[in-house]
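File shown here: upload-v8.cif, holding mmCIF, C-alpha atoms and all ligand atoms.
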```
data_target
#
loop_
_atom_site.label_atom_id
_atom_site.label_comp_id
_atom_site.auth_asym_id
_atom_site.auth_seq_id
_atom_site.Cartn_x
_atom_site.Cartn_y
_atom_site.Cartn_z
CA MET A 1 133.73 114.90 42.25
CA SER A 2 132.05 116.48 45.22
CA TYR A 3 129.06 118.79 45.50
CA LEU A 4 128.52 121.86 47.65
CA LYS A 5 125.60 121.83 50.05
CA PRO A 6 123.22 124.77 50.23
CA ALA A 7 124.19 126.94 53.24
CA PHE A 8 120.67 127.76 54.48
CA HIS A 9 119.21 125.91 57.43
CA HIS A 10 116.29 125.99 59.84
CA PRO A 11 116.64 129.07 62.10
CA LYS A 12 115.88 127.03 65.20
CA LEU A 13 118.68 124.47 64.80
CA PRO A 14 120.36 123.92 68.18
CA THR A 15 123.69 125.66 68.72
CA ASN A 16 126.78 124.67 70.72
CA ALA A 17 128.78 126.74 73.25
CA LEU A 18 130.21 128.78 70.35
CA GLY A 19 126.77 129.53 68.91
CA LEU A 20 127.44 127.29 65.90
CA THR A 21 124.99 124.75 64.50
CA ARG A 22 125.86 121.24 63.45
CA ARG A 23 125.66 122.48 59.85
CA ASP A 24 128.74 124.64 60.49
CA TYR A 25 130.71 121.40 60.99
CA GLU A 26 129.59 119.67 57.80
CA GLY A 27 131.59 119.32 54.59
CA SER A 28 130.61 118.73 50.99
CA ILE A 29 128.07 116.09 49.91
CA SER A 30 129.42 112.54 50.11
CA THR A 31 130.03 110.65 46.88
CA LEU A 32 130.42 107.29 48.67
CA CYS A 33 128.00 104.39 48.03
CA ALA A 34 124.67 104.81 49.83
CA GLY A 35 124.90 102.84 53.10
CA CYS A 36 128.71 102.91 53.33
CA GLY A 37 129.78 102.76 56.98
CA HIS A 38 132.30 105.53 56.37
CA ASP A 39 129.47 108.09 56.00
CA SER A 40 128.18 107.21 59.48
CA ILE A 41 131.68 107.80 60.89
CA SER A 42 131.77 111.24 59.21
CA ALA A 43 128.43 112.01 60.87
CA ALA A 44 129.82 110.88 64.24
CA ILE A 45 132.90 113.10 63.80
CA ILE A 46 130.68 116.10 63.00
CA GLN A 47 128.56 115.40 66.07
CA ALA A 48 131.58 114.95 68.37
CA VAL A 49 133.43 118.12 67.29
CA TRP A 50 130.19 120.15 67.39
CA GLU A 51 129.30 118.86 70.88
CA LEU A 52 132.80 119.65 72.16
CA GLY A 53 132.47 123.19 70.81
CA ILE A 54 135.83 123.12 69.03
CA GLU A 55 136.20 125.93 66.50
CA PRO A 56 136.42 124.25 63.07
CA HIS A 57 139.52 126.26 62.10
CA ARG A 58 141.38 124.75 65.07
CA VAL A 59 141.13 121.25 63.57
CA ALA A 60 143.59 119.77 61.07
CA LYS A 61 142.19 116.68 59.31
CA LEU A 62 144.58 114.52 57.34
CA SER A 63 144.16 111.30 55.40
CA GLY A 64 145.79 108.90 52.94
CA ILE A 65 144.13 107.28 49.90
CA GLY A 66 140.96 105.16 49.77
CA CYS A 67 137.19 105.64 50.13
CA SER A 68 137.86 106.20 53.84
CA SER A 69 140.57 108.74 53.12
CA LYS A 70 138.17 110.68 50.87
CA THR A 71 135.82 111.30 53.78
CA PRO A 72 137.53 114.38 55.31
CA ASP A 73 136.00 116.24 52.37
CA TYR A 74 132.59 115.37 53.80
CA PHE A 75 133.04 116.83 57.30
CA LEU A 76 134.50 119.97 58.88
CA GLY A 77 134.55 121.99 55.68
CA ALA A 78 136.06 124.98 57.50
CA SER A 79 139.00 123.03 58.96
CA HIS A 80 142.53 122.61 57.66
CA GLY A 81 142.76 119.54 55.42
CA PHE A 82 145.48 117.52 53.72
CA ASN A 83 144.82 114.46 51.60
CA SER A 84 148.25 112.82 51.42
CA VAL A 85 149.70 109.81 49.57
CA HIS A 86 148.55 106.21 50.20
CA GLY A 87 149.69 105.20 53.70
CA ARG A 88 151.61 108.41 54.35
CA MET A 89 149.17 110.35 56.52
CA PRO A 90 151.14 109.59 59.73
CA SER A 91 154.37 111.23 58.60
CA VAL A 92 152.63 114.30 57.15
CA LEU A 93 150.59 114.66 60.34
CA THR A 94 153.66 114.21 62.55
CA GLY A 95 155.43 117.01 60.69
CA ALA A 96 152.43 119.32 60.94
CA ASN A 97 152.05 118.56 64.64
CA LEU A 98 155.73 119.29 65.31
CA ALA A 99 155.40 122.63 63.53
CA ASN A 100 152.20 123.66 65.33
CA ARG A 101 150.95 121.84 68.40
CA GLU A 102 148.04 124.24 68.90
CA LEU A 103 145.75 122.52 66.39
CA VAL A 104 143.58 119.49 67.10
CA TYR A 105 144.88 116.72 64.83
CA LEU A 106 142.55 114.16 63.32
CA GLY A 107 143.87 111.43 61.00
CA VAL A 108 141.38 109.36 59.00
CA SER A 109 142.55 106.25 57.21
CA GLY A 110 141.45 102.85 55.94
CA ASP A 111 142.54 99.33 56.81
CA GLY A 112 144.42 99.10 53.52
CA ASP A 113 145.97 102.53 54.02
CA SER A 114 147.02 101.78 57.62
CA ALA A 115 147.59 98.02 57.82
CA SER A 116 149.37 97.41 54.50
CA ILE A 117 151.22 100.17 52.66
CA GLY A 118 151.14 102.48 55.69
CA PHE A 119 151.77 99.88 58.40
CA GLY A 120 155.30 101.09 59.14
CA GLN A 121 154.09 104.68 59.34
CA PHE A 122 151.20 103.65 61.60
CA ALA A 123 153.60 101.80 63.93
CA HIS A 124 156.00 104.70 64.34
CA LEU A 125 153.26 107.23 64.92
CA MET A 126 151.83 105.03 67.69
CA ARG A 127 155.18 104.40 69.41
CA ARG A 128 156.14 108.08 69.25
CA GLY A 129 152.89 109.16 70.85
CA VAL A 130 151.97 111.92 68.42
CA ASN A 131 149.12 113.90 69.98
CA MET A 132 146.28 113.06 67.59
CA THR A 133 143.12 111.05 67.02
CA TYR A 134 143.67 108.24 64.52
CA ILE A 135 140.48 106.71 63.11
CA VAL A 136 140.83 103.56 61.02
CA GLU A 137 137.64 103.10 58.99
CA ASN A 138 138.02 99.33 58.91
CA ASN A 139 135.96 97.43 56.32
CA GLY A 140 138.36 94.53 55.75
CA VAL A 141 138.75 95.32 52.05
CA TYR A 142 140.33 97.75 49.66
CA GLY A 143 137.01 99.41 48.86
CA LEU A 144 138.25 102.02 46.40
CA THR A 145 140.04 99.43 44.25
CA LYS A 146 137.01 97.12 44.23
CA GLY A 147 137.15 94.68 47.09
CA GLN A 148 140.50 92.88 47.42
CA PHE A 149 141.17 91.40 50.90
CA SER A 150 143.06 93.76 53.16
CA ALA A 151 145.45 92.89 55.99
CA THR A 152 142.61 93.20 58.53
CA SER A 153 140.38 90.65 56.72
CA ASP A 154 139.86 87.74 59.07
CA LYS A 155 141.32 84.36 58.20
CA GLY A 156 138.48 82.27 56.74
CA SER A 157 136.46 85.34 55.73
CA LYS A 158 134.82 85.06 52.29
CA ALA A 159 135.15 87.60 49.47
CA LYS A 160 132.05 88.58 47.50
CA LYS A 161 132.91 86.10 44.73
CA GLY A 162 133.61 83.27 47.18
CA ALA A 163 137.43 83.31 47.58
CA VAL A 164 138.49 82.49 51.15
CA ASN A 165 141.15 84.55 52.92
CA THR A 166 143.95 82.27 54.13
CA ASP A 167 146.13 84.93 55.81
CA GLU A 168 146.11 85.89 59.48
CA ALA A 169 144.46 89.24 60.19
CA ILE A 170 146.21 92.21 61.77
CA ASP A 171 144.31 93.52 64.79
CA MET A 172 144.93 97.28 64.83
CA VAL A 173 143.82 97.55 68.45
CA ALA A 174 146.28 94.88 69.62
CA VAL A 175 149.09 96.48 67.62
CA ALA A 176 148.36 99.94 69.04
CA LEU A 177 148.33 98.53 72.58
CA GLU A 178 151.67 96.79 72.00
CA LEU A 179 153.18 99.97 70.60
CA GLY A 180 152.28 102.15 73.57
CA ALA A 181 149.21 104.08 72.34
CA THR A 182 147.65 105.86 75.32
CA TYR A 183 143.96 105.78 74.27
CA VAL A 184 142.79 102.69 72.43
CA ALA A 185 139.22 101.94 71.41
CA ARG A 186 137.20 99.91 68.96
CA SER A 187 133.74 100.76 67.75
CA PHE A 188 131.25 100.17 64.96
CA SER A 189 129.98 102.71 62.46
CA GLY A 190 126.44 101.45 63.15
CA ASP A 191 126.66 102.32 66.87
CA LYS A 192 126.64 106.11 67.05
CA ASP A 193 125.82 106.11 70.78
CA GLN A 194 129.10 104.35 71.44
CA LEU A 195 131.18 106.02 68.73
CA VAL A 196 130.45 109.73 69.35
CA PRO A 197 131.66 109.73 73.00
CA LEU A 198 134.70 107.65 72.01
CA ILE A 199 135.65 110.29 69.41
CA LYS A 200 135.08 113.08 71.95
CA GLY A 201 137.31 111.35 74.50
CA ALA A 202 139.99 110.79 71.87
CA LEU A 203 139.96 114.43 70.75
CA LEU A 204 140.43 115.57 74.35
CA HIS A 205 143.19 113.05 75.02
CA ARG A 206 146.68 114.62 75.00
CA GLY A 207 148.53 111.72 73.41
CA VAL A 208 148.02 109.25 70.60
CA ALA A 209 144.45 107.94 70.44
CA LEU A 210 143.44 105.10 68.14
CA ILE A 211 139.85 104.23 67.24
CA ASP A 212 139.56 101.12 65.11
CA CYS A 213 136.06 101.58 63.72
CA LEU A 214 134.44 98.66 61.92
CA SER A 215 132.76 100.19 58.91
CA PRO A 216 131.01 97.83 56.49
CA CYS A 217 131.64 98.24 52.75
CA VAL A 218 128.19 97.67 51.26
CA ALA A 219 129.59 97.27 47.76
CA PHE A 220 132.26 94.61 48.40
CA ASN A 221 132.13 93.26 51.96
CA ASN A 222 128.60 93.03 53.31
CA HIS A 223 127.65 89.49 52.26
CA GLU A 224 127.26 86.23 54.15
CA GLY A 225 130.67 84.81 55.04
CA SER A 226 132.20 88.25 55.60
CA THR A 227 133.27 89.05 59.16
CA LYS A 228 133.02 92.81 58.55
CA SER A 229 129.38 92.97 57.42
CA TYR A 230 126.64 94.85 59.29
CA ASP A 231 124.96 91.58 60.32
CA TYR A 232 128.16 89.87 61.48
CA VAL A 233 129.40 92.80 63.55
CA ARG A 234 125.98 93.31 65.17
CA GLU A 235 125.79 89.62 66.08
CA HIS A 236 129.33 89.37 67.50
CA ASN A 237 129.77 92.77 69.15
CA GLU A 238 130.87 92.48 72.79
CA ALA A 239 131.12 95.92 74.45
CA VAL A 240 133.40 96.24 77.49
CA ASN A 241 132.00 99.61 78.54
CA ARG A 242 130.01 102.68 77.51
CA LEU A 243 131.65 106.06 77.67
CA ASP A 244 130.37 109.49 78.65
CA VAL A 245 132.59 112.55 78.28
CA ILE A 246 131.90 115.36 80.72
CA LEU A 247 133.59 118.69 80.14
CA GLY A 248 134.82 120.73 83.12
CA ARG A 249 132.15 123.36 82.57
CA GLU A 250 129.26 120.92 82.69
CA GLN A 251 127.55 119.92 85.90
CA LEU A 252 128.39 116.43 87.09
CA THR A 253 125.41 114.22 87.82
CA ALA A 254 125.50 110.80 89.42
CA GLU A 255 123.27 108.54 87.41
CA TYR A 256 124.90 105.13 87.61
CA ALA A 257 124.73 102.38 90.17
CA PRO A 258 127.91 102.03 92.27
CA GLY A 259 130.24 99.23 91.24
CA VAL A 260 129.61 99.59 87.52
CA LEU A 261 131.13 103.03 87.03
CA ALA A 262 134.77 103.92 86.40
CA GLU A 263 135.69 107.60 86.29
CA VAL A 264 138.94 108.85 84.80
CA ARG A 265 139.91 112.52 84.87
CA GLN A 266 141.98 113.68 81.88
CA HIS A 267 144.75 116.32 81.94
CA ASP A 268 142.36 119.10 80.84
CA GLY A 269 139.91 118.42 83.65
CA SER A 270 137.41 116.58 81.47
CA MET A 271 135.98 113.48 83.04
CA LEU A 272 135.58 110.18 81.23
CA ARG A 273 132.87 108.07 82.79
CA LEU A 274 132.83 104.44 81.82
CA ARG A 275 129.76 102.40 82.46
CA LYS A 276 131.36 99.02 82.82
CA LEU A 277 129.44 96.19 81.24
CA HIS A 278 132.07 93.80 82.59
CA ASP A 279 132.70 94.53 86.27
CA ALA A 280 136.18 93.04 86.07
CA TYR A 281 137.26 95.17 83.13
CA ASP A 282 139.92 97.76 84.04
CA PRO A 283 140.47 100.27 81.20
CA THR A 284 143.76 101.50 82.70
CA ASN A 285 145.57 98.15 82.51
CA ARG A 286 147.33 97.60 79.17
CA VAL A 287 148.14 93.93 79.78
CA ALA A 288 144.59 93.17 80.91
CA ALA A 289 143.28 94.85 77.74
CA LEU A 290 145.48 92.63 75.55
CA ASN A 291 144.38 89.53 77.46
CA HIS A 292 140.73 90.50 77.22
CA LEU A 293 141.07 90.98 73.45
CA ALA A 294 142.77 87.60 72.98
CA GLN A 295 140.24 85.72 75.15
CA HIS A 296 137.25 87.16 73.33
CA LYS A 297 138.83 86.72 69.91
CA ALA A 298 139.13 83.01 70.70
CA MET A 299 135.36 83.01 71.35
CA GLY A 300 134.70 84.69 67.99
CA GLU A 301 133.66 87.98 69.62
CA ILE A 302 134.55 91.49 68.52
CA VAL A 303 135.38 93.53 71.61
CA THR A 304 134.31 97.19 71.42
CA GLY A 305 134.46 100.19 73.75
CA LEU A 306 137.34 102.06 75.38
CA LEU A 307 139.86 99.27 75.88
CA TYR A 308 142.77 101.25 77.27
CA LEU A 309 143.38 104.73 78.61
CA ASP A 310 146.48 106.24 80.18
CA PRO A 311 145.18 109.29 82.09
CA GLU A 312 148.71 110.76 82.30
CA PRO A 313 149.91 110.38 78.71
CA GLU A 314 153.13 111.79 77.29
CA ASP A 315 153.36 112.93 73.71
CA LEU A 316 156.12 113.46 71.17
CA HIS A 317 156.64 117.09 72.25
CA ASP A 318 157.27 115.95 75.84
CA HIS A 319 159.86 113.48 74.55
CA LEU A 320 161.64 115.98 72.29
CA GLY A 321 161.41 119.02 74.54
CA THR A 322 160.23 121.18 71.64
CA VAL A 323 159.26 124.82 71.85
CA ALA A 324 155.54 125.37 72.57
CA THR A 325 155.11 128.29 70.14
CA PRO A 326 154.10 127.31 66.59
CA LEU A 327 157.16 127.62 64.36
CA ASN A 328 155.51 130.19 62.08
CA GLN A 329 155.15 132.52 65.06
CA LEU A 330 158.81 132.47 66.08
CA ASP A 331 160.85 135.55 65.17
CA ASP A 332 164.27 135.61 63.49
CA ALA A 333 166.14 135.81 66.79
CA ALA A 334 164.47 132.62 68.06
CA LEU A 335 164.87 130.78 64.76
CA CYS A 336 168.50 131.83 64.21
CA PRO A 337 170.32 132.24 67.55
CA GLY A 338 173.49 133.49 65.83
CA GLU A 339 177.07 132.47 65.11
CA ALA A 340 178.22 132.16 68.72
CA ALA A 341 175.42 129.67 69.54
CA LEU A 342 176.28 127.66 66.41
CA GLU A 343 179.97 127.62 67.36
CA LYS A 344 179.10 126.34 70.82
CA LEU A 345 176.96 123.57 69.34
CA ASN A 346 179.65 122.56 66.87
CA ALA A 347 182.24 122.51 69.67
CA LEU A 348 180.08 120.03 71.57
CA LEU A 349 180.14 117.67 68.60
CA ARG A 350 183.90 117.81 67.94
C1 LIG B 1 151.11 103.99 46.12
C2 LIG B 1 149.73 103.48 45.81
N1 LIG B 1 149.52 102.16 45.71
C3 LIG B 1 148.29 101.68 45.44
C4 LIG B 1 147.25 102.54 45.24
C5 LIG B 1 145.89 101.99 44.90
N2 LIG B 1 144.95 102.09 45.99
C6 LIG B 1 144.13 103.15 46.11
S1 LIG B 1 143.12 103.03 47.44
C7 LIG B 1 143.78 101.53 47.85
C8 LIG B 1 143.28 100.74 49.03
C9 LIG B 1 142.34 101.46 49.90
O1 LIG B 1 141.87 100.61 50.89
P1 LIG B 1 141.50 101.16 52.31
O2 LIG B 1 142.59 101.98 52.86
O3 LIG B 1 141.07 99.99 53.12
O4 LIG B 1 140.31 102.16 52.03
P2 LIG B 1 138.77 101.86 51.65
O5 LIG B 1 138.66 102.23 50.21
O6 LIG B 1 138.50 100.44 51.92
O7 LIG B 1 138.03 102.78 52.56
C10 LIG B 1 144.79 101.15 46.96
C11 LIG B 1 145.54 99.89 47.06
C12 LIG B 1 147.51 103.93 45.35
N3 LIG B 1 146.54 104.83 45.21
N4 LIG B 1 148.75 104.37 45.64
S1 LIG B 2 133.19 100.86 47.68
FE1 LIG B 2 132.78 100.25 49.80
S2 LIG B 2 134.10 101.55 51.05
FE2 LIG B 2 133.94 102.50 49.02
S3 LIG B 2 132.22 103.95 49.16
FE3 LIG B 2 131.40 102.03 48.39
S4 LIG B 2 130.68 100.96 50.23
FE4 LIG B 2 132.10 102.55 50.92
MG MG B 3 139.22 99.34 53.55
#
```

In structure tokens, what does this structure look like?
Ligand SMILES: Cc1ncc(C[n+]2csc(CCOP(=O)(O)OP(=O)(O)O)c2C)c(N)n1
Ligand code: SF4
Ligand SMILES: [Mg+2]
Amino acid sequence: MSYLKPAFHHPKLPTNALGLTRRDYEGSISTLCAGCGHDSISAAIIQAVWELGIEPHRVAKLSGIGCSSKTPDYFLGASHGFNSVHGRMPSVLTGANLANRELVYLGVSGDGDSASIGFGQFAHLMRRGVNMTYIVENNGVYGLTKGQFSATSDKGSKAKKGAVNTDEAIDMVAVALELGATYVARSFSGDKDQLVPLIKGALLHRGVALIDCLSPCVAFNNHEGSTKSYDYVREHNEAVNRLDVILGREQLTAEYAPGVLAEVRQHDGSMLRLRKLHDAYDPTNRVAALNHLAQHKAMGEIVTGLLYLDPEPEDLHDHLGTVATPLNQLDDAALCPGEAALEKLNALLR
């Protein structure tokens, strides 16, 4: 059950480039547990889309099943939405994207949804390079079904009632890097300063963007012995960089010391500025990103930040050579080129 929020707001609320307030990007009232990390991610999504000045009706938000997959109801109430079947968001989103590339696609999923039942779907979406932002709200448990270990629970991590996980964990960031994702980041729901710019960069990226966002489940995975609790993530967070997203229309200002700044221009002219916390870290080197992850994992650290970015990404439409016009705007002549064209095609296959 969800509740509608009252529409009135303070007349002096700040507006974005479209004259809309942050309230115009909200959804219905959350029914998640108070303190759930997923609610902070919804707030970060609202902030990012509002700051970018994207019209809400230009966004399509899709999800699977889980507490995480319920969250699209709680943001961007005026956007297109589709709550699919458990683990099937990637195929529904791929189909929608192929039919209409003009929308901004945002997929929200959980670690159970993406790393277990939907793992095959996740893999194929990444390797195909569907132009979208994929946020995994990763709490290391099946929250909605009351706290079973998920495939991202770390080996040795303790469940609320004391059981120890004996299985190896799947690292969604490492998998996405292996599979060719062109924007790969990890963040923490409790670090809005890091998360909001990462979401903005992902939404502007014209390729597949993954954000693995650690998001503590206060009901089932926030105790001592858990490696996905607020305390654990805060104590073990190792950020490789801090991101600022600068749109073409905004004035560029130099505010960082030389040697610690990496600038990457994206296809649309937006500039991603990375304040490097590690001077040696190169966000455009896929192999280095995988090595960095592995080295820090061995030290028990959770690496966050923008780990990999391909500034010249290709997406599924580039690979398939599809028509740019949304399919529902094509006329009969374009959709049905006639008998002679069909004959020619058939002849090629004989
Ligand atoms: C086909 C199918 N299998 C199993 C379920 C039961 N189920 C619902 S949500 C869920 C796991 C959700 O975990 P996750 O994706 O991590 O989301 P969270 O609730 O932790 O945010 C499962 C197994 C289902 N709804 N459909
Ligand atoms: S059960 Fe866990 S994941 Fe689900 S709403 Fe509650 S805190 Fe969030
Ligand atoms: Mg989960």

Expected answer as a ChimeraX atom specification: residues within 9 Å of ligand LIG 2 (chain B), all atoms listed in the file
/A:31-39,66-68,110,137,139,141-147,215-222

Give me the residues within 9 Å of Ala239 of chain A as a count of residues only, counting only C-alpha atoms and dropping any in the same chain fewer than 3 places off.
10

Extract, using only C-alpha atoms, all DNA, RNA and protein residues at most 9 Å from Ile170 of chain A, discarding same-chain residues fewer than 5 positions from it, and format them as a VMD selection string.
chain A and resid 115 151 to 154 175

Given the choices A:His205, A:His319, A:Lys228, A:Lys161, which gets closest to ligand MG 3 (chain B) if the distance is worked out from only C-alpha atoms and all ligand atoms?
A:Lys228

Taking 6 positions as the minimum chain separation for residues in the same chain, which residues sit within 12 Å of Glu55 of chain A when counting only C-alpha atoms? Answer as a list of chain:residue names.
A:Asn16, A:Ala17, A:Leu18, A:Gly19, A:Leu20, A:Thr21, A:Arg22, A:Asp24, A:Tyr25, A:Ile46, A:Val49, A:Leu76, A:Gly77, A:Ala78, A:Ser79, A:His80, A:Leu103, A:Val104

With all atoms listed in the file as the basis for distance, which of A:Glu238, A:Glu51, A:Asp212, A:Asp193 is at the shortest distance from ligand MG 3 (chain B)?
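The answer is A:Asp212, which sits nearest to ligand MG 3 (chain B).
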
Could I get segment 121-137 of chain A from the block written out with N, CA, C and O atoms, as a PDB file, in the first residue's frame?
```pdb
ATOM      1  N   GLN A 121      20.035 -12.341 -16.856  1.00  0.00           N
ATOM      2  CA  GLN A 121      19.504 -11.141 -17.506  1.00  0.00           C
ATOM      3  C   GLN A 121      20.456  -9.963 -17.301  1.00  0.00           C
ATOM      4  O   GLN A 121      20.712  -9.187 -18.213  1.00  0.00           O
ATOM      5  N   PHE A 122      20.968  -9.841 -16.081  1.00  0.00           N
ATOM      6  CA  PHE A 122      21.925  -8.776 -15.767  1.00  0.00           C
ATOM      7  C   PHE A 122      23.138  -8.877 -16.702  1.00  0.00           C
ATOM      8  O   PHE A 122      23.569  -7.891 -17.307  1.00  0.00           O
ATOM      9  N   ALA A 123      23.668 -10.108 -16.839  1.00  0.00           N
ATOM     10  CA  ALA A 123      24.879 -10.317 -17.641  1.00  0.00           C
ATOM     11  C   ALA A 123      24.658  -9.897 -19.091  1.00  0.00           C
ATOM     12  O   ALA A 123      25.482  -9.193 -19.684  1.00  0.00           O
ATOM     13  N   HIS A 124      23.533 -10.293 -19.653  1.00  0.00           N
ATOM     14  CA  HIS A 124      23.320  -9.993 -21.073  1.00  0.00           C
ATOM     15  C   HIS A 124      23.043  -8.512 -21.312  1.00  0.00           C
ATOM     16  O   HIS A 124      23.452  -7.960 -22.333  1.00  0.00           O
ATOM     17  N   LEU A 125      22.394  -7.880 -20.361  1.00  0.00           N
ATOM     18  CA  LEU A 125      22.174  -6.436 -20.511  1.00  0.00           C
ATOM     19  C   LEU A 125      23.512  -5.695 -20.499  1.00  0.00           C
ATOM     20  O   LEU A 125      23.746  -4.787 -21.297  1.00  0.00           O
ATOM     21  N   MET A 126      24.417  -6.120 -19.600  1.00  0.00           N
ATOM     22  CA  MET A 126      25.728  -5.465 -19.504  1.00  0.00           C
ATOM     23  C   MET A 126      26.525  -5.680 -20.793  1.00  0.00           C
ATOM     24  O   MET A 126      27.100  -4.761 -21.346  1.00  0.00           O
ATOM     25  N   ARG A 127      26.562  -6.932 -21.284  1.00  0.00           N
ATOM     26  CA  ARG A 127      27.425  -7.201 -22.446  1.00  0.00           C
ATOM     27  C   ARG A 127      26.862  -6.603 -23.722  1.00  0.00           C
ATOM     28  O   ARG A 127      27.585  -6.335 -24.667  1.00  0.00           O
ATOM     29  N   ARG A 128      25.541  -6.372 -23.753  1.00  0.00           N
ATOM     30  CA  ARG A 128      24.951  -5.752 -24.937  1.00  0.00           C
ATOM     31  C   ARG A 128      25.089  -4.232 -24.929  1.00  0.00           C
ATOM     32  O   ARG A 128      24.883  -3.588 -25.944  1.00  0.00           O
ATOM     33  N   GLY A 129      25.358  -3.679 -23.770  1.00  0.00           N
ATOM     34  CA  GLY A 129      25.525  -2.226 -23.697  1.00  0.00           C
ATOM     35  C   GLY A 129      24.233  -1.462 -23.898  1.00  0.00           C
ATOM     36  O   GLY A 129      24.208  -0.454 -24.609  1.00  0.00           O
ATOM     37  N   VAL A 130      23.162  -1.911 -23.246  1.00  0.00           N
ATOM     38  CA  VAL A 130      21.898  -1.172 -23.351  1.00  0.00           C
ATOM     39  C   VAL A 130      22.082   0.201 -22.689  1.00  0.00           C
ATOM     40  O   VAL A 130      22.609   0.295 -21.573  1.00  0.00           O
ATOM     41  N   ASN A 131      21.673   1.253 -23.373  1.00  0.00           N
ATOM     42  CA  ASN A 131      21.856   2.601 -22.843  1.00  0.00           C
ATOM     43  C   ASN A 131      20.900   2.845 -21.670  1.00  0.00           C
ATOM     44  O   ASN A 131      19.713   3.126 -21.874  1.00  0.00           O
ATOM     45  N   MET A 132      21.419   2.716 -20.480  1.00  0.00           N
ATOM     46  CA  MET A 132      20.581   2.826 -19.274  1.00  0.00           C
ATOM     47  C   MET A 132      21.450   3.050 -18.044  1.00  0.00           C
ATOM     48  O   MET A 132      22.651   2.859 -18.082  1.00  0.00           O
ATOM     49  N   THR A 133      20.800   3.411 -16.942  1.00  0.00           N
ATOM     50  CA  THR A 133      21.456   3.438 -15.635  1.00  0.00           C
ATOM     51  C   THR A 133      20.876   2.298 -14.812  1.00  0.00           C
ATOM     52  O   THR A 133      19.655   2.214 -14.643  1.00  0.00           O
ATOM     53  N   TYR A 134      21.747   1.419 -14.346  1.00  0.00           N
ATOM     54  CA  TYR A 134      21.311   0.234 -13.592  1.00  0.00           C
ATOM     55  C   TYR A 134      21.790   0.416 -12.151  1.00  0.00           C
ATOM     56  O   TYR A 134      22.986   0.406 -11.877  1.00  0.00           O
ATOM     57  N   ILE A 135      20.849   0.597 -11.225  1.00  0.00           N
ATOM     58  CA  ILE A 135      21.232   0.749  -9.817  1.00  0.00           C
ATOM     59  C   ILE A 135      20.869  -0.523  -9.061  1.00  0.00           C
ATOM     60  O   ILE A 135      19.695  -0.927  -9.024  1.00  0.00           O
ATOM     61  N   VAL A 136      21.884  -1.172  -8.498  1.00  0.00           N
ATOM     62  CA  VAL A 136      21.627  -2.325  -7.625  1.00  0.00           C
ATOM     63  C   VAL A 136      21.617  -1.808  -6.193  1.00  0.00           C
ATOM     64  O   VAL A 136      22.632  -1.292  -5.705  1.00  0.00           O
ATOM     65  N   GLU A 137      20.479  -1.905  -5.527  1.00  0.00           N
ATOM     66  CA  GLU A 137      20.382  -1.482  -4.126  1.00  0.00           C
ATOM     67  C   GLU A 137      20.792  -2.696  -3.289  1.00  0.00           C
ATOM     68  O   GLU A 137      19.974  -3.578  -2.994  1.00  0.00           O
TER      69      GLU A 137
END
```
